[in-house]
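Enquirer: Mind having a look at this structure? Questions to follow.
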Amino acid sequence: MNSLMEFKTSVSHREPPRMKNREKTSEASFNREYAKTVGDITSPNPRIECRDVNVYYGDKHAIQDVSLDIGRNEVIALIGPSGCGKSTFIRCLNRMNDTIPACRVTGQIVLDGQDIYDGSLDVVPLRAQVGMVFQKPNPFPKTIFENVAYGPRIHGLASSKAELEEVVETSLRRAGLWDEVKDYMHHPGTSLSGGQQQRLCIARTIAVNPEVILMDEPCSALDPIATAKIEQLIDELRAHYTIAIVTHSMQQAARVSQRTAYFHLGRLIEVGETAQIFTNPRHQLTEDYITGRFG
Amino acid sequence: MTIQNEGHIVKRFDGELNQLHYRIVEMGGLALTQLKDALLAVKNKDLALARKISQRENELDHLEVETDADIVELIARRCPVGGDLRMVMAVSKGVTDLERIGDEAVKVANIALQIYGNDACDPNDHLLRDVHVMGQMASSALEKALEAFDRSNDEMARDIITHHHELEDEFEASLRRLITYIMEDSRNIGFAINMVLAIKALERIGAHAQNLAEYVIFQVKGKDVRHQNP
């Protein structure tokens, strides 16, 4: 028979890929092998510069020697398996880890030229400057209006009622929520749907004029339509703010971000342009994670 | 970036990628068979074999359509990224080249029917030698490209690209010989045209084999080397 059969016999019938028996990698050997981040950690004209950041929860070394710039007006996605340190890392960027007694942070995190871990720094305005949106929408038990007005009021950002109302409307418009709630401003924030509540939380965050918005899995509790609306909002907000988003959805990271950083066991393994990370990652661990070969 | 040997956590995804791989191996094997049989038909004046090639062309077309459907479904369901995405894109493009190779093989078979059929013109064995030589080169390039694809071997692929100019040089030399043949006696024109079409088809097959090699490099290295000098 013919060369078709010969060809198929000679080069096909390849055994399906088998899982190699991975040798258990010790933490020490892992740290030695993957000490250096692959890719360019720097960004031109960065908003935040992190250098040699280490985080300890008691004896647990949760973040190890991470250096990374967060670029101005970019969306950077932080991805990695559960427990890799991505949420711990972004919580360092506005000192939310200060609320955990056993947590200790070393290294340098500089926001617009100022070290945010300088002992003289007031964390309250820092947390207005670097706002945060959490996984589960958490509106205050107040009206929709008060949810957004609360921050500007306590920070003294509005000198009159009219100015406060203008801040609230602008924030809700920017969050893509104004048209849906403008006739219900005195209804409770908790009466909104999940997706609307999350947009309310984003409006609350931007009402205090942040420079950076941190988002920790902002869509994981939302349905696909609400998620799409948040992603559209992220795209619009980029014009005004720098955004760092932690997400378990690689497709979301690929859709919304310009740069992507992959974390693994507390280390920053690789960082790069999102298109490059998802088409041709340079590190085998990154390739394995994004292709679903391990989690 | 190294080639993945290990499976996905979702095993069905492994199966789907393997299915794609086997499809292109199957198409490649069929395209190669079509080409070799077409050259045999010319060499051995085998009209029955030449007719069989035309009849078998449907199988390649059918495989192309099926593979494209599989690829669309895989992209929709799995959203492949990284090396998986590059593999899917390489197969998607490779399938088109293999279908075209099948078309070119049919052209060569039809030329055999022309020159050896009822209204046959007088075949010139000396010029037929050009078809045999170019046919051998095209077959060899295609076989190597398919092996490079199967083994994800980018070095083998680079070798194919580097040596592609030899087929191009042979094509130009054959054309010059054909022109001389026509100039010697214009009654030779009928046969000469068939020869031009045959060697042109073989030159195209060589080009498609080079394309396959370029897709292998893209799949393995993530580097697009199309339209570059070797």
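Identifiers in this document derive from the order of the structure tokens: chains are assigned A, B, ..., residues are numbered from 1 separately in each chain, and ligands are numbered from 1 in order of occurrence.
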When you look at His155 in chain A with a cut-off of 8 Å (counting only C-alpha atoms), what residues show up, excluding the ones that are within fewer than 2 positions of it in the same chain? I need them as a ChimeraX atom specification.
Expert: /A:125,151-153,157,208
Enquirer: For range 268-271 of chain A, please output as a PyMOL selection string all residues within 7 Å (counting only C-alpha atoms; exclusion window: fewer than 2 positions along the same chain).
Expert: chain A and resi 34+37-41+66+260-264+266+283
Enquirer: Suppose you want the space between CA of Thr42 in chain A and CA of Leu68 in chain A; what is it in Å?
Expert: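 According to the coordinates, CA of Thr42 in chain A and CA of Leu68 in chain A are separated by 6.3 Å.
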Enquirer: Kindly determine which residues of chain B lie within 9 Å of chain A, considering only C-alpha atoms, and give the answer as a VMD selection string.
Expert: chain B and resid 1 to 2 4 to 10 14 to 15 18 22 25 to 26 28 to 34 36 79 to 86 143 146 to 147 150 to 151 221 to 223
Enquirer: Generate a file of the selected residues that holds N, CA and C atoms, formatted as a CSV table (one decimal), in the first residue's frame.
Expert:
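Output contents, as saved in selection-v7.csv:
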```csv
chain,number,residue,atom,x,y,z
B,1,MET,N,10.6,28.9,23.9
B,1,MET,CA,9.7,28.3,24.8
B,1,MET,C,9.7,26.8,24.4
B,2,THR,N,9.7,25.9,25.4
B,2,THR,CA,9.8,24.5,25.1
B,2,THR,C,8.4,24.0,24.7
B,4,GLN,N,5.3,21.6,24.8
B,4,GLN,CA,4.6,20.9,25.9
B,4,GLN,C,4.5,19.4,25.7
B,5,ASN,N,5.0,18.6,26.6
B,5,ASN,CA,4.8,17.2,26.6
B,5,ASN,C,3.8,16.7,27.5
B,6,GLU,N,3.4,17.6,28.5
B,6,GLU,CA,2.5,17.2,29.6
B,6,GLU,C,1.1,17.6,29.3
B,7,GLY,N,0.2,16.9,29.8
B,7,GLY,CA,-1.2,17.1,29.5
B,7,GLY,C,-1.8,18.2,30.3
B,8,HIS,N,-2.9,18.7,29.9
B,8,HIS,CA,-3.7,19.6,30.6
B,8,HIS,C,-4.4,18.9,31.8
B,9,ILE,N,-4.8,19.8,32.7
B,9,ILE,CA,-5.6,19.2,33.8
B,9,ILE,C,-6.9,18.7,33.3
B,10,VAL,N,-7.5,19.4,32.4
B,10,VAL,CA,-8.8,18.9,31.7
B,10,VAL,C,-8.3,18.0,30.6
B,14,ASP,N,-6.7,17.8,26.1
B,14,ASP,CA,-5.6,17.0,25.5
B,14,ASP,C,-6.1,16.2,24.2
B,15,GLY,N,-7.2,15.6,24.4
B,15,GLY,CA,-7.8,14.8,23.4
B,15,GLY,C,-8.1,15.6,22.1
B,18,ASN,N,-5.0,16.6,20.4
B,18,ASN,CA,-4.4,15.4,19.7
B,18,ASN,C,-5.2,15.1,18.5
B,22,TYR,N,-3.7,14.7,14.8
B,22,TYR,CA,-3.9,13.5,13.9
B,22,TYR,C,-4.5,13.9,12.6
B,25,VAL,N,-1.9,15.2,10.3
B,25,VAL,CA,-1.0,14.1,9.9
B,25,VAL,C,-1.8,13.3,8.8
B,26,GLU,N,-3.0,13.1,9.0
B,26,GLU,CA,-3.8,12.3,8.0
B,26,GLU,C,-3.9,13.1,6.7
B,28,GLY,N,-1.8,15.4,5.7
B,28,GLY,CA,-0.5,15.4,5.1
B,28,GLY,C,-0.1,14.2,4.4
B,29,GLY,N,-0.5,13.1,5.0
B,29,GLY,CA,-0.3,11.8,4.4
B,29,GLY,C,-1.0,11.6,3.1
B,30,LEU,N,-2.2,12.1,3.1
B,30,LEU,CA,-3.0,12.0,1.8
B,30,LEU,C,-2.5,12.9,0.7
B,31,ALA,N,-2.1,14.1,1.1
B,31,ALA,CA,-1.6,15.0,0.1
B,31,ALA,C,-0.3,14.5,-0.5
B,32,LEU,N,0.6,13.9,0.4
B,32,LEU,CA,1.8,13.3,-0.1
B,32,LEU,C,1.6,12.2,-1.0
B,33,THR,N,0.6,11.3,-0.7
B,33,THR,CA,0.2,10.2,-1.5
B,33,THR,C,-0.3,10.7,-2.9
B,34,GLN,N,-1.1,11.7,-2.9
B,34,GLN,CA,-1.6,12.3,-4.1
B,34,GLN,C,-0.5,12.8,-5.0
B,36,LYS,N,2.8,11.8,-4.9
B,36,LYS,CA,3.6,10.7,-5.4
B,36,LYS,C,2.9,9.9,-6.4
B,79,CYS,N,-10.7,28.5,24.4
B,79,CYS,CA,-9.9,29.8,24.4
B,79,CYS,C,-8.4,29.5,24.6
B,80,PRO,N,-7.8,28.7,23.7
B,80,PRO,CA,-6.4,28.4,23.9
B,80,PRO,C,-5.5,29.6,23.9
B,81,VAL,N,-4.5,29.4,24.7
B,81,VAL,CA,-3.5,30.5,24.8
B,81,VAL,C,-2.1,29.9,24.7
B,82,GLY,N,-1.1,30.7,24.6
B,82,GLY,CA,0.3,30.3,24.6
B,82,GLY,C,0.6,29.3,23.5
B,83,GLY,N,1.3,28.2,23.8
B,83,GLY,CA,1.7,27.2,22.9
B,83,GLY,C,0.5,26.5,22.2
B,84,ASP,N,-0.6,26.4,23.0
B,84,ASP,CA,-1.8,25.7,22.5
B,84,ASP,C,-2.4,26.6,21.4
B,85,LEU,N,-2.4,27.9,21.6
B,85,LEU,CA,-2.9,28.8,20.6
B,85,LEU,C,-2.1,28.8,19.3
B,86,ARG,N,-0.8,28.8,19.5
B,86,ARG,CA,0.1,28.7,18.3
B,86,ARG,C,-0.1,27.4,17.5
B,143,GLU,N,7.6,15.9,2.4
B,143,GLU,CA,7.8,14.8,3.4
B,143,GLU,C,8.5,15.4,4.7
B,146,LEU,N,6.2,17.7,6.7
B,146,LEU,CA,5.2,16.9,7.5
B,146,LEU,C,5.9,16.3,8.7
B,147,GLU,N,7.1,15.8,8.5
B,147,GLU,CA,7.8,15.2,9.7
B,147,GLU,C,8.1,16.3,10.7
B,150,ASP,N,4.9,17.0,12.5
B,150,ASP,CA,4.6,15.9,13.4
B,150,ASP,C,5.4,16.0,14.7
B,151,ARG,N,6.7,16.2,14.5
B,151,ARG,CA,7.7,16.2,15.6
B,151,ARG,C,7.9,17.6,16.3
B,221,LYS,N,8.5,28.3,18.3
B,221,LYS,CA,9.3,29.4,18.9
B,221,LYS,C,8.4,30.7,19.0
B,222,GLY,N,7.2,30.7,18.5
B,222,GLY,CA,6.4,31.9,18.6
B,222,GLY,C,7.0,33.0,17.7
B,223,LYS,N,7.7,32.6,16.7
B,223,LYS,CA,8.4,33.6,15.8
B,223,LYS,C,7.8,33.5,14.4
```
Enquirer: Within 12 Å of Leu202 in chain B, counting only C-alpha atoms, which residues show up once you throw out same-chain ones fewer than 6 positions away? Write them as a VMD selection string, please.
Expert: chain B and resid 35 to 36 38 to 39 100 to 109 130 to 142 167 to 168 170 to 171 174 195 to 196 208 to 209
Enquirer: When you look at Val55 in chain A with a cut-off of 6 Å (counting only C-alpha atoms), what residues show up, excluding the ones that are within fewer than 4 positions of it in the same chain? I need them as a PyMOL selection string.
Expert: chain A and resi 62-63+104-105
Enquirer: The selected residues should be written to file as a PDB file, in the first residue's frame (atoms: N, CA and C atoms).
Expert:
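New file result_12.pdb:
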```
ATOM      1  N   ALA A  62       5.306  35.180  52.568  1.00  0.00           N
ATOM      2  CA  ALA A  62       4.233  35.134  51.566  1.00  0.00           C
ATOM      3  C   ALA A  62       4.609  35.783  50.233  1.00  0.00           C
ATOM      4  N   ILE A  63       5.392  36.842  50.273  1.00  0.00           N
ATOM      5  CA  ILE A  63       5.837  37.515  49.050  1.00  0.00           C
ATOM      6  C   ILE A  63       7.353  37.625  49.133  1.00  0.00           C
ATOM      7  N   ARG A 104       4.051  41.666  58.143  1.00  0.00           N
ATOM      8  CA  ARG A 104       5.197  42.571  58.106  1.00  0.00           C
ATOM      9  C   ARG A 104       5.651  42.737  56.671  1.00  0.00           C
ATOM     10  N   VAL A 105       5.861  43.980  56.269  1.00  0.00           N
ATOM     11  CA  VAL A 105       6.249  44.285  54.881  1.00  0.00           C
ATOM     12  C   VAL A 105       7.617  44.945  54.877  1.00  0.00           C
TER      13      VAL A 105
END
```
Enquirer: Give me the residues near Thr190 in chain A as a list in words, where near means some atom within 10 Å (using only C-alpha atoms) and where sequence neighbours in that chain fewer than 6 positions away do not count.
Expert: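 Neighbouring residues, sequence-local ones excluded: Pro137, Asn138, Pro139, Phe140, Pro141, Lys142, Thr143, Ile144, Gln196, Gln197 and Leu200 of chain A.
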Enquirer: Could those residues be written to a file, using N, CA and C atoms, as a tab-separated table (two decimals), in the first residue's frame?
Expert:
```tsv
chain	number	residue	atom	x	y	z
A	137	PRO	N	-19.08	42.72	46.41
A	137	PRO	CA	-19.50	44.13	46.52
A	137	PRO	C	-19.87	44.45	47.97
A	138	ASN	N	-19.38	45.57	48.47
A	138	ASN	CA	-19.62	45.89	49.88
A	138	ASN	C	-20.09	47.34	50.05
A	139	PRO	N	-21.27	47.66	49.50
A	139	PRO	CA	-21.78	49.03	49.71
A	139	PRO	C	-22.03	49.27	51.19
A	140	PHE	N	-21.92	50.49	51.58
A	140	PHE	CA	-22.23	50.84	52.96
A	140	PHE	C	-23.73	50.65	53.18
A	141	PRO	N	-24.14	50.45	54.44
A	141	PRO	CA	-25.60	50.37	54.72
A	141	PRO	C	-26.20	51.78	54.74
A	142	LYS	N	-26.09	52.43	53.61
A	142	LYS	CA	-26.57	53.81	53.46
A	142	LYS	C	-27.28	53.91	52.12
A	143	THR	N	-27.80	55.11	51.85
A	143	THR	CA	-28.42	55.32	50.54
A	143	THR	C	-27.35	55.31	49.45
A	144	ILE	N	-27.85	55.20	48.21
A	144	ILE	CA	-26.93	55.24	47.07
A	144	ILE	C	-26.15	56.55	47.10
A	196	GLN	N	-24.68	46.12	39.89
A	196	GLN	CA	-24.86	47.53	40.20
A	196	GLN	C	-24.14	47.90	41.50
A	197	GLN	N	-24.21	47.02	42.48
A	197	GLN	CA	-23.51	47.28	43.74
A	197	GLN	C	-22.01	47.43	43.51
A	200	LEU	N	-21.38	50.67	42.08
A	200	LEU	CA	-21.53	51.67	43.13
A	200	LEU	C	-20.23	51.76	43.95
```
Enquirer: Could you give me, as a PDB file with C-alpha atoms, in the first residue's frame, the residues within 8 Å of Asp52 in chain A, counting only C-alpha atoms and dropping anything in the same chain fewer than 2 positions from it?
Expert:
```
ATOM      1  CA  CYS A  50       7.977  48.394  43.978  1.00  0.00           C
ATOM      2  CA  ASN A  54       8.791  40.962  50.987  1.00  0.00           C
ATOM      3  CA  GLN A  64       9.493  37.118  48.119  1.00  0.00           C
ATOM      4  CA  ASP A  65      11.654  39.825  46.592  1.00  0.00           C
ATOM      5  CA  VAL A  66       9.075  41.209  44.216  1.00  0.00           C
ATOM      6  CA  SER A  67      10.044  44.214  42.122  1.00  0.00           C
ATOM      7  CA  THR A 106       9.812  45.104  53.848  1.00  0.00           C
ATOM      8  CA  GLY A 107      11.215  46.707  50.736  1.00  0.00           C
ATOM      9  CA  GLN A 108      10.190  49.865  49.021  1.00  0.00           C
TER      10      GLN A 108
END
```
